[in-house]
Amino acid sequence: MIILEELTMAEPLKALYDGLFIENFGVLVRTALPTFDLAGFAAAVRAGEWEELALKARSRRITEALGVFLPSDYEAALDVLMQIDSQCRGLPYIFFPDFVEVYGMAPEHFDRSMKALARFTRYSTGEFAVRPFLLAEPERMMRQMLVWADDEDEHVRRLASEGTRPRLPWAQALPMFKRDPQPILPLLDKLKADPSLYVRKSVANNLNDIAKDHPNVVVSLAQQWSGDNPLTDWIIRRGCRTLVKQANPALMELFGYAAGESEAGENGESGASLTVHAELRAVPEALHIGDEARFSCVMKLRDGDALKLRIEYGIDFIKASGKPSQKRFLLSDREYGGGAEVTLSRVHRFADLTTRKHYPGLHRITLWVNGVQAAETELKLEEARSK
């Protein structure tokens with residue numbers, strides 16, 4: 001099972017291949033292939049700019065070295081890898097399915113390559129390696145994905161969903177599914193009530209990807225699927241998170257959120273504001289990259305019936321270009337009584353991550369209630385303190 005966590009910049013993912021990883025793996029290969037040239041393999045992996053390579057580039061370097069030092073016959077090389085794959089679990093071993101991607105795409109290898117991907121994904125993940133096959137033969141591969149969606153192993157079922165995500169991070173793009181996601185929908189329909197949380201998370205992420213290009217498709221699916229099964233309802237709720245952040249009117253209504261001033265009521269007129277008063281504070285108002293700030297909000301809700309509210313804070317992060325880019329973070333998602341006074345706070349750390357680098361400048365902080373901005377403030381982010 002592979003979960004790509006957000007690591008700090010001080011712990012780059014490429015460090016997974018540091019130390020004796022290469023030598024230890026080579027020793028393992030020798031148990032299946034006694035003639036394996038361990039020294040030559042290790043030297044080929046670490047040649048040239050190895051230290052500068054990121055995770056996927058390092059993985060590809062290992063793949064290419066295996067292509068040189070394993071048997072030249074592709075299927076014979078697979079036989080070697082299959083003797084040791086169960087001992088090679090986790091993210092560092094994505095070069096097992098990558099080997100299939102690099103050396104197994106010839107039409108005569110298709111069936112064996114599919115079996116290898118289904119096997120290797122159980123121990124690492126094949127979600128990246130399936131994508132070149134999808135680009136080369138989309139119809140044939142979607143038939144294969146539908147077969148995998150019925151597999152008894154949750155990792156193989158997840159591969160069917162994760163491999164077809166139109167916007168899978170770190171992965172090769174699938175422009176045909178960005179243009180038209182219809183071929184993915186029968187696959188997601190098969191998996192919409194999967195008993196495995198691991199699979200359901202992937203289905204939800206696939207829906208969220210589709211929503212970024214085709215929101216109406218996802219809204220329609222959510223309306224069709226809603227209420228059929230609690231597992232499906234969980235997928236819908238998670239898969240529509242981007243549309244909920246955007247306060248898509250149809251989904252806000254489907255999920256029972258109160259209508260605010262930017263949404264039409266039953267008579268077609270704008271609803272009353274959800275908040276009578278709202279304030280947002282950031283303490284401190286100036287800090288350094290790596291420091292943390294506390295955001296606190298105080299709101300007085302409108303009188304009347306209970307209100308289901310999604311309350312978020314947004315940060316307009318300054319990018320390298322100097323332009324802002326907003327990201328929102330959840331504060332609360334629940335029902336409140338009409339007229340209630342709501343006080344919420346959250347500590348936010350402005351530390352660099354593998355997924356986000358911070359830049360100094362004035363950052364706008366906003367408060368959002370069911371997709372409607374209710375308050376704002378600012379803080380000044382300065383360069384990290386020198387060590």
# chains A, B, ... in the order shown; residues from 1 in each chain; ligands from 1
call {"tool": "residues_around", "arguments": {"residues": "range 276-290 of chain A", "least_positions_apart": "5", "cutoff": "6 Å", "atoms": "only C-alpha atoms", "output": "ChimeraX atom specification"}}
result
/A:295-302,350-351,375-376,379-384
call {"tool": "write_last_selection", "arguments": {"atoms": "C-alpha atoms", "output": "mmCIF file, in the first residue's frame"}}
result
data_model
loop_
_atom_site.group_PDB
_atom_site.id
_atom_site.type_symbol
_atom_site.label_atom_id
_atom_site.label_comp_id
_atom_site.auth_asym_id
_atom_site.auth_seq_id
_atom_site.Cartn_x
_atom_site.Cartn_y
_atom_site.Cartn_z
ATOM 1 C CA PHE A 295 -5.811 32.217 12.961
ATOM 2 C CA SER A 296 -8.881 32.981 15.067
ATOM 3 C CA CYS A 297 -12.392 33.825 13.911
ATOM 4 C CA VAL A 298 -15.500 35.009 15.724
ATOM 5 C CA MET A 299 -18.872 34.921 13.964
ATOM 6 C CA LYS A 300 -22.482 35.677 14.792
ATOM 7 C CA LEU A 301 -24.791 33.568 12.635
ATOM 8 C CA ARG A 302 -28.125 34.719 11.279
ATOM 9 C CA PHE A 350 4.535 28.225 7.255
ATOM 10 C CA ALA A 351 7.184 25.536 6.740
ATOM 11 C CA ALA A 375 -13.866 38.204 6.606
ATOM 12 C CA GLU A 376 -10.203 38.812 5.834
ATOM 13 C CA LEU A 379 0.121 38.801 7.616
ATOM 14 C CA LYS A 380 3.631 39.532 6.468
ATOM 15 C CA LEU A 381 5.853 36.536 5.788
ATOM 16 C CA GLU A 382 9.589 37.214 5.879
ATOM 17 C CA GLU A 383 12.635 35.179 4.849
ATOM 18 C CA ALA A 384 13.560 32.246 7.087
#
call {"tool": "residues_around", "arguments": {"residues": "range 335-339 of chain A", "least_positions_apart": "5", "cutoff": "8 Å", "atoms": "only C-alpha atoms", "output": "JSON, numbers by chain"}}
result
{"A": [300, 301, 302, 303, 304, 305, 306, 307, 308, 309]}
call {"tool": "write_last_selection", "arguments": {"atoms": "N, CA and C atoms", "output": "PDB file, in the first residue's frame"}}
result
ATOM      1  N   LYS A 300     -21.094  35.722  14.316  1.00  0.00           N
ATOM      2  CA  LYS A 300     -22.482  35.677  14.792  1.00  0.00           C
ATOM      3  C   LYS A 300     -23.326  35.263  13.608  1.00  0.00           C
ATOM      4  N   LEU A 301     -23.998  34.097  13.742  1.00  0.00           N
ATOM      5  CA  LEU A 301     -24.791  33.568  12.635  1.00  0.00           C
ATOM      6  C   LEU A 301     -26.165  34.215  12.588  1.00  0.00           C
ATOM      7  N   ARG A 302     -26.788  34.159  11.426  1.00  0.00           N
ATOM      8  CA  ARG A 302     -28.125  34.719  11.279  1.00  0.00           C
ATOM      9  C   ARG A 302     -29.122  33.936  12.129  1.00  0.00           C
ATOM     10  N   ASP A 303     -30.163  34.590  12.558  1.00  0.00           N
ATOM     11  CA  ASP A 303     -31.198  33.947  13.351  1.00  0.00           C
ATOM     12  C   ASP A 303     -32.031  33.010  12.474  1.00  0.00           C
ATOM     13  N   GLY A 304     -32.791  32.142  13.153  1.00  0.00           N
ATOM     14  CA  GLY A 304     -33.696  31.258  12.417  1.00  0.00           C
ATOM     15  C   GLY A 304     -33.324  29.798  12.567  1.00  0.00           C
ATOM     16  N   ASP A 305     -33.542  29.043  11.505  1.00  0.00           N
ATOM     17  CA  ASP A 305     -33.327  27.599  11.535  1.00  0.00           C
ATOM     18  C   ASP A 305     -31.849  27.262  11.693  1.00  0.00           C
ATOM     19  N   ALA A 306     -31.589  25.990  12.066  1.00  0.00           N
ATOM     20  CA  ALA A 306     -30.217  25.489  12.163  1.00  0.00           C
ATOM     21  C   ALA A 306     -29.541  25.589  10.792  1.00  0.00           C
ATOM     22  N   LEU A 307     -28.217  25.773  10.823  1.00  0.00           N
ATOM     23  CA  LEU A 307     -27.447  25.967   9.598  1.00  0.00           C
ATOM     24  C   LEU A 307     -26.329  24.940   9.521  1.00  0.00           C
ATOM     25  N   LYS A 308     -26.270  24.199   8.416  1.00  0.00           N
ATOM     26  CA  LYS A 308     -25.120  23.338   8.171  1.00  0.00           C
ATOM     27  C   LYS A 308     -24.073  24.170   7.445  1.00  0.00           C
ATOM     28  N   LEU A 309     -22.875  24.283   8.069  1.00  0.00           N
ATOM     29  CA  LEU A 309     -21.865  25.186   7.560  1.00  0.00           C
ATOM     30  C   LEU A 309     -20.540  24.477   7.335  1.00  0.00           C
TER      31      LEU A 309
END
call {"tool": "residues_around", "arguments": {"residues": "range 50-58 of chain A", "least_positions_apart": "4", "cutoff": "9 Å", "atoms": "only C-alpha atoms", "output": "PyMOL selection string"}}
result
chain A and resi 12-17+45-46+62-63+92+94-95+170
call {"tool": "select_by_dssp", "arguments": {"residues": "range 178-314 of chain A", "states": "strand (DSSP E or B)", "output": "NGL selection string"}}
result
:A and (264 or 270 or 275-283 or 286-288 or 292-301 or 307-314)
call {"tool": "closest_residue", "arguments": {"among": "A:Lys245, A:Arg122, A:His109, A:Lys192", "to": "Phe329 in chain A", "atoms": "only C-alpha atoms"}}
result
A:Lys245
call {"tool": "closest_residue", "arguments": {"among": "A:Ala193, A:Met82, A:Leu367, A:Leu187", "to": "Val147 in chain A", "atoms": "only C-alpha atoms"}}
result
A:Leu187
call {"tool": "select_by_dssp", "arguments": {"residues": "range 248-319 of chain A", "states": "helix (DSSP H, G or I)", "output": "number ranges by chain"}}
result
A: 249-254
call {"tool": "atom_distance", "arguments": {"atom1": "CA of Lys357 in chain A", "atom2": "CA of Leu331 in chain A"}}
result
22.5 Å
call {"tool": "closest_residue", "arguments": {"among": "A:Thr343, A:Ser124, A:Ser386, A:Asn370", "to": "Pro249 in chain A", "atoms": "only C-alpha atoms"}}
result
A:Asn370
